[in-house]
Every structure is written in structure tokens, then in C-alpha cells.
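Trainee: Have a look at the structure that comes next, please.
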Amino acid sequence: MHSIPRRLLSLVTSALALAATSALFAQTPKKLVVGFSQIGAESGWRTANTDSIKAEAAKRGIDLKFADAQQKQENQIKALRSFIAQGVDVIAFSPVVETGWEPVLREIKAAGIPVVLSDRAVKVSDPSLFVTIIGSDFVEEGRRAGEWLARKTGGKAVIAELVGTPGSAPAIDRKKGFEEALAKNPGMKIVKSQSGNFTRAEGKQVMEAFLKAPDAKDITALFAHNDDMALGAIQAIEEAGLKPGKDIVIVSIDGVKGAFEAMVAGKLNCTVECNPQIGPQLFDLIEKVAAGQKVPARVAVKEGVFDETQAAAELPHRTY
Ligand code: AHR
């Protein structure tokens, strides 16, 4: 029997080794690397949103580069540039305000990195600067708050409004939706309107100022663009010797646990849900975008409206 020449044997051995190594690599696909720039931790909603995003990334084995911008657009822009430098596969972010993103979005596009917007929208002249957005319909949320207040007050209310972060999509859109509802109810008018920046501390401060104004006793209702500002305002109302939820009817947006507790205590009247737990839907989109699959231009989040009559039954089911 002929023996196999040495050179041929060594070639066969190397080929087998190479095949085995590539098979091994084929079994361990490269981790998806995602850069996420979060607005901050301004509200209970935001914290729940961050938790949902981090938990889902961990569950899927995604390498998440997470940056907290402490509510500053310049910090978000810095984070986005650092994601370009790190060569991430996909960039996702929740823009603190709507405008001012074009230059950095162009840089991201030039680097060939797809962008997915989470929660809030941007205003850009070129729609190809991002692939898709997942988020709530903020106009509808404002409309629901206004319609609920109209039903509760029989269409008669002198309203103080705590506005969200100036220039942010939820502040602009919730105001628009609320005012649409008011337009159908001539007996309802906004007499005070100021930003509380979506935080409890500023919501309290602004409400204190509202209550010190000479016409303060005319106020019969409060519309807060989020629950945190409403909870701050409730403190201010109590400190002014009034009964929140009774002397002043309060409707806000988000549906965080604290809002349900306040409703059960009779201090808040209604919260319009804005669901922060969008991690699973967000990463479904991101994975499709990374794989070059087609995705819808906008993905909406399903939400409800809860008032004081449903609060006690719903409270045990609230997960944020
Ligand atoms: O963009 C969603 C809004 O941002 C939430 O209503 C608010 O609580 C948060 O800070």
C-alpha cells in the first residue's frame, strides 16, 4: 500500500483545521453593538424606560453602549459622536428636543450607521437621516387628557398648565392635543401655562408661583404634561391649604405607580397612559434594521386612560 506523501498530508491537516476554526466562528456570531443616548433621569417614566431598554439588551445579548445626557442636548450630541467613533452597528436615541439634530445626523449617515429614534421625534428636512421611530402619539395623549377633563367638569374649567421641557416633542404635541379638545369646549380656558421641565421639583415650584398669583383662586383644574410634575404640584397645593383632586381637578400623563397611588388617595383625578416599557419593541426594530430588513417608518405604542374610579383595581398591576 502506498503511503500519503508528507506535503499532501500536511495540506489536508491544515485544511481540516481551517474548516474546524471557521465552523467554530460560524457558531458564535458577532454581538450586535448598539449605542443608546438617553435624555436623563428626569421622571419616573424615564427611569422605567431606561430599565426596560437595558433589561431587553441584556436579555438578547446585545452589547449596549448607554449614555445618560442629563437632559442636555449637547451631551446627547457628544454621545452620538462617540458612538460613531466606536463604530457601533446601530444608533438609537431619545431626543431631548425636536430641533438641532441635522449636523450630527448627517455625520452618522456619512459613517453608514442606521438611526432608530426612541420615544421622541426630531424635526429634520431630510427624512432619510433616520430609519424609524418607535413612540407614543403625544397629540392623542393631550387630546385624551382634554376630553377627560371636559367630561369631568361638564365643559367648564379655569386651567393651569404645567408644560414639559420646552421644545420637546411631548411638550409641543400634548399641548396641541389638549388645546384641540379645549377648542370644542368654549367654557374651558388655560389661564396659566409654564414649563416645569418634566420634573417633580420644578412642577412644585411653578405650581407654588401659580398659587401666589392674585387670580389664583380662580383656578379649578390643572393639566400637567407628566405625572412627576403633577405629583410636585399636589405638594404645592396641599402646602397652600387646598385639597388637590377636589379644589383643583388634576389630569396628567404617564400612568406611573405614584400617580395611581395619588388617585387612590383622592389627590389626582386622571392619568393618561404613556407606556415607557418599549425595550422589546425597540430591539425588535433595531435587530431588523441591523439585518437590513424593511421596517415601518413609525411604530406606535398602545396606551389607555385611567381615572380615579379605576385606580384601586389597576394599582396592583402597574409595573412602573
Ligand atoms: O417623552 C416622554 C416623556 O418624557 C414622559 O411623559 C415624561 O415623564 C418624560 O420625562
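Residues in the C-alpha cells are named by chain (A, B, ... in the order shown) and by number from 1 within that chain; ligands are numbered from 1 in the order shown.
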Using only C-alpha atoms, which residues sit within 6 Å of region 177-183 of chain A once same-chain residues fewer than 3 positions away are excluded, as an MDAnalysis selection string?

Mentor: chainID A and resid 139:140 142:143 146:147 174

Trainee: Save the residues we just selected, all heavy atoms, as a PDB file, in the first residue's frame?

Mentor:
```pdb
ATOM      1  N   VAL A 139     -49.866  63.763  20.683  1.00  0.00           N
ATOM      2  CA  VAL A 139     -51.022  64.635  20.404  1.00  0.00           C
ATOM      3  C   VAL A 139     -52.284  63.964  20.955  1.00  0.00           C
ATOM      4  O   VAL A 139     -53.103  64.574  21.644  1.00  0.00           O
ATOM      5  CB  VAL A 139     -51.172  64.916  18.891  1.00  0.00           C
ATOM      6  CG1 VAL A 139     -52.406  65.782  18.623  1.00  0.00           C
ATOM      7  CG2 VAL A 139     -49.930  65.594  18.330  1.00  0.00           C
ATOM      8  N   GLU A 140     -52.388  62.657  20.686  1.00  0.00           N
ATOM      9  CA  GLU A 140     -53.545  61.898  21.159  1.00  0.00           C
ATOM     10  C   GLU A 140     -53.600  61.893  22.695  1.00  0.00           C
ATOM     11  O   GLU A 140     -54.679  62.006  23.284  1.00  0.00           O
ATOM     12  CB  GLU A 140     -53.467  60.464  20.589  1.00  0.00           C
ATOM     13  CG  GLU A 140     -54.564  59.517  21.025  1.00  0.00           C
ATOM     14  CD  GLU A 140     -55.979  59.988  20.649  1.00  0.00           C
ATOM     15  OE1 GLU A 140     -56.128  60.782  19.718  1.00  0.00           O
ATOM     16  OE2 GLU A 140     -56.925  59.555  21.333  1.00  0.00           O
ATOM     17  N   GLY A 142     -52.541  64.239  24.723  1.00  0.00           N
ATOM     18  CA  GLY A 142     -53.034  65.560  25.145  1.00  0.00           C
ATOM     19  C   GLY A 142     -54.531  65.675  24.911  1.00  0.00           C
ATOM     20  O   GLY A 142     -55.274  66.195  25.757  1.00  0.00           O
ATOM     21  N   ARG A 143     -54.963  65.151  23.767  1.00  0.00           N
ATOM     22  CA  ARG A 143     -56.397  65.192  23.417  1.00  0.00           C
ATOM     23  C   ARG A 143     -57.208  64.396  24.444  1.00  0.00           C
ATOM     24  O   ARG A 143     -58.239  64.850  24.945  1.00  0.00           O
ATOM     25  CB  ARG A 143     -56.568  64.588  22.031  1.00  0.00           C
ATOM     26  CG  ARG A 143     -57.838  64.972  21.322  1.00  0.00           C
ATOM     27  CD  ARG A 143     -57.919  64.334  19.943  1.00  0.00           C
ATOM     28  NE  ARG A 143     -57.007  64.879  18.965  1.00  0.00           N
ATOM     29  CZ  ARG A 143     -56.129  64.161  18.228  1.00  0.00           C
ATOM     30  NH1 ARG A 143     -56.044  62.842  18.389  1.00  0.00           N
ATOM     31  NH2 ARG A 143     -55.340  64.727  17.356  1.00  0.00           N
ATOM     32  N   GLY A 146     -57.573  66.316  27.629  1.00  0.00           N
ATOM     33  CA  GLY A 146     -58.540  67.411  27.478  1.00  0.00           C
ATOM     34  C   GLY A 146     -59.969  66.901  27.442  1.00  0.00           C
ATOM     35  O   GLY A 146     -60.869  67.480  28.074  1.00  0.00           O
ATOM     36  N   GLU A 147     -60.174  65.801  26.703  1.00  0.00           N
ATOM     37  CA  GLU A 147     -61.538  65.253  26.606  1.00  0.00           C
ATOM     38  C   GLU A 147     -62.009  64.725  27.960  1.00  0.00           C
ATOM     39  O   GLU A 147     -63.162  64.888  28.345  1.00  0.00           O
ATOM     40  CB  GLU A 147     -61.576  64.135  25.550  1.00  0.00           C
ATOM     41  CG  GLU A 147     -61.538  64.695  24.131  1.00  0.00           C
ATOM     42  CD  GLU A 147     -61.264  63.650  23.066  1.00  0.00           C
ATOM     43  OE1 GLU A 147     -61.019  62.475  23.414  1.00  0.00           O
ATOM     44  OE2 GLU A 147     -61.278  64.033  21.873  1.00  0.00           O
ATOM     45  N   ARG A 174     -48.465  67.402  23.235  1.00  0.00           N
ATOM     46  CA  ARG A 174     -49.510  67.264  24.259  1.00  0.00           C
ATOM     47  C   ARG A 174     -50.303  68.560  24.389  1.00  0.00           C
ATOM     48  O   ARG A 174     -51.526  68.532  24.560  1.00  0.00           O
ATOM     49  CB  ARG A 174     -48.877  66.860  25.606  1.00  0.00           C
ATOM     50  CG  ARG A 174     -48.437  65.420  25.595  1.00  0.00           C
ATOM     51  CD  ARG A 174     -47.654  65.005  26.831  1.00  0.00           C
ATOM     52  NE  ARG A 174     -47.220  63.618  26.690  1.00  0.00           N
ATOM     53  CZ  ARG A 174     -46.334  63.022  27.465  1.00  0.00           C
ATOM     54  NH1 ARG A 174     -45.767  63.683  28.449  1.00  0.00           N
ATOM     55  NH2 ARG A 174     -45.996  61.757  27.258  1.00  0.00           N
TER      56      ARG A 174
END
```

Trainee: Pick out the residues no farther than 10 Å from ligand 1, counting only C-alpha atoms and all ligand atoms, and list them as an NGL selection string.

Mentor: :A and (39-49 or 71 or 94-97 or 118-121 or 135-136 or 138 or 141 or 164-165 or 168-171 or 174 or 197-200 or 224-229 or 252-256 or 272-276)

Trainee: Those selected residues, please, written with C-alpha atoms and delivered as a CSV table (one decimal), in the first residue's frame.

Mentor:
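Here's the written file out06.csv:
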```csv
chain,number,residue,atom,x,y,z
A,39,ILE,CA,-32.3,62.0,27.8
A,40,GLY,CA,-31.6,61.6,31.6
A,41,ALA,CA,-33.5,60.5,34.7
A,42,GLU,CA,-35.9,63.4,34.9
A,43,SER,CA,-39.0,61.4,35.8
A,44,GLY,CA,-40.3,58.0,37.0
A,45,TRP,CA,-41.3,57.4,33.3
A,46,ARG,CA,-37.8,57.9,32.1
A,47,THR,CA,-36.3,55.6,34.8
A,48,ALA,CA,-38.8,52.8,33.8
A,49,ASN,CA,-37.9,53.4,30.1
A,71,GLN,CA,-31.3,66.5,29.9
A,94,SER,CA,-34.4,59.7,22.6
A,95,PRO,CA,-34.0,63.3,21.6
A,96,VAL,CA,-34.5,65.8,24.4
A,97,VAL,CA,-35.8,68.5,22.0
A,118,SER,CA,-37.0,56.0,20.6
A,119,ASP,CA,-39.9,57.8,22.3
A,120,ARG,CA,-39.5,61.3,20.9
A,121,ALA,CA,-39.3,62.7,17.4
A,135,GLY,CA,-43.0,56.1,20.4
A,136,SER,CA,-46.4,57.2,21.7
A,138,PHE,CA,-48.3,62.6,22.2
A,141,GLU,CA,-52.4,61.8,24.8
A,164,GLY,CA,-42.9,69.7,29.7
A,165,THR,CA,-39.4,70.5,28.5
A,168,SER,CA,-39.5,68.7,23.3
A,169,ALA,CA,-41.9,66.6,21.2
A,170,PRO,CA,-44.2,65.6,24.1
A,171,ALA,CA,-44.5,69.2,25.4
A,174,ARG,CA,-49.5,67.3,24.3
A,197,ASN,CA,-39.3,70.6,32.7
A,198,PHE,CA,-41.0,67.2,33.3
A,199,THR,CA,-39.5,67.1,36.9
A,200,ARG,CA,-41.3,66.9,40.3
A,224,ALA,CA,-49.7,68.5,33.9
A,225,HIS,CA,-47.8,67.2,30.9
A,226,ASN,CA,-46.5,64.4,33.1
A,227,ASP,CA,-47.2,62.7,36.4
A,228,ASP,CA,-44.0,63.8,38.1
A,229,MET,CA,-44.9,67.5,37.7
A,252,SER,CA,-51.7,64.3,33.9
A,253,ILE,CA,-49.9,61.9,31.6
A,254,ASP,CA,-47.7,58.8,32.0
A,255,GLY,CA,-49.5,56.4,34.3
A,256,VAL,CA,-46.6,55.8,36.8
A,272,VAL,CA,-53.4,59.2,30.6
A,273,GLU,CA,-51.1,56.3,30.0
A,274,CYS,CA,-47.7,56.7,28.1
A,275,ASN,CA,-46.0,53.4,28.1
A,276,PRO,CA,-42.2,53.5,28.8
```

Trainee: Pick out the residues sitting within 12 Å of His317 (chain A), and hand them over as a PyMOL selection string; count only C-alpha atoms, and ignore anything fewer than 4 positions along from it in its own chain.

Mentor: chain A and resi 255-257+260+310-313

Trainee: Write out as a list in words which residues come within 8 Å of Thr132 (chain A) when counting only C-alpha atoms, dropping same-chain ones fewer than 4 positions away.

Mentor: Val115, Val116, Leu117, Val295, Pro296, Ala297, Arg298 and Val299 of chain A

Trainee: How would the residues just chosen look if you wrote them out with C-alpha atoms as a CSV table (one decimal), in the first residue's frame?

Mentor:
```csv
chain,number,residue,atom,x,y,z
A,115,VAL,CA,-30.5,55.5,13.4
A,116,VAL,CA,-33.6,54.5,15.3
A,117,LEU,CA,-35.5,57.1,17.3
A,295,VAL,CA,-39.3,48.3,8.9
A,296,PRO,CA,-42.3,50.7,9.2
A,297,ALA,CA,-41.4,54.4,9.4
A,298,ARG,CA,-43.3,54.7,12.7
A,299,VAL,CA,-44.3,52.2,15.3
```

Trainee: So how far away is CA of Glu261 (chain A) from CA of Pro316 (chain A), in Å?

Mentor: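 Those two atoms sit 10.1 Å apart.
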
Trainee: If you count only C-alpha atoms, which residues fall within 8 Å of Asp307 (chain A), apart from same-chain ones fewer than 6 positions away, as a list in words?

Mentor: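 Counting only C-alpha atoms, the residues come to Met263, Asn269, Cys270 and Thr271 of chain A.
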
Trainee: How far is it from CA of Glu208 (chain A) to CA of Gly241 (chain A), in Å with one decimal?

Mentor: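 Taking CA of Glu208 (chain A) and CA of Gly241 (chain A), their separation equals 11.6 Å.
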
Trainee: In region 111-292 of chain A, what's strand (DSSP E or B) per DSSP? Answer as a ChimeraX atom specification?

Mentor: /A:115-118,132-135,157-163,188-195,221-224,244,248-254,270-273

Trainee: What's the 12 Å shell around Lys294 (chain A), counting only C-alpha atoms, without same-chain residues fewer than 3 positions away, as a list of chain:residue names?

Mentor: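 Selected residues are A:Val131, A:Thr132, A:Asp284, A:Leu285, A:Ile286, A:Glu287, A:Lys288, A:Val289, A:Ala290, A:Ala291, A:Ala297, A:Arg298.
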
Trainee: So how far away is CA of Asp63 (chain A) from CA of Val33 (chain A), in Å?

Mentor: 4.7 Å

Trainee: When you look at Ile248 (chain A) with a cut-off of 6 Å (counting only C-alpha atoms), what residues show up, excluding the ones that are within fewer than 4 positions of it in the same chain? I need them as a count of residues only.

Mentor: 3

Trainee: Taking the DSSP assignment computed from this structure's backbone, write out as a PyMOL selection string all residues of region 168-226 of chain A that belong to helix (DSSP H, G or I).

Mentor: chain A and resi 169-183+200-212+216-218

Trainee: Which residue out of A:Gly155, A:Gly266, A:Gly258, A:Pro166 has the minimum interatomic distance to Lys184 (chain A) when only C-alpha atoms are used?

Mentor: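 Closest to Lys184 (chain A) of all the choices is A:Gly155.
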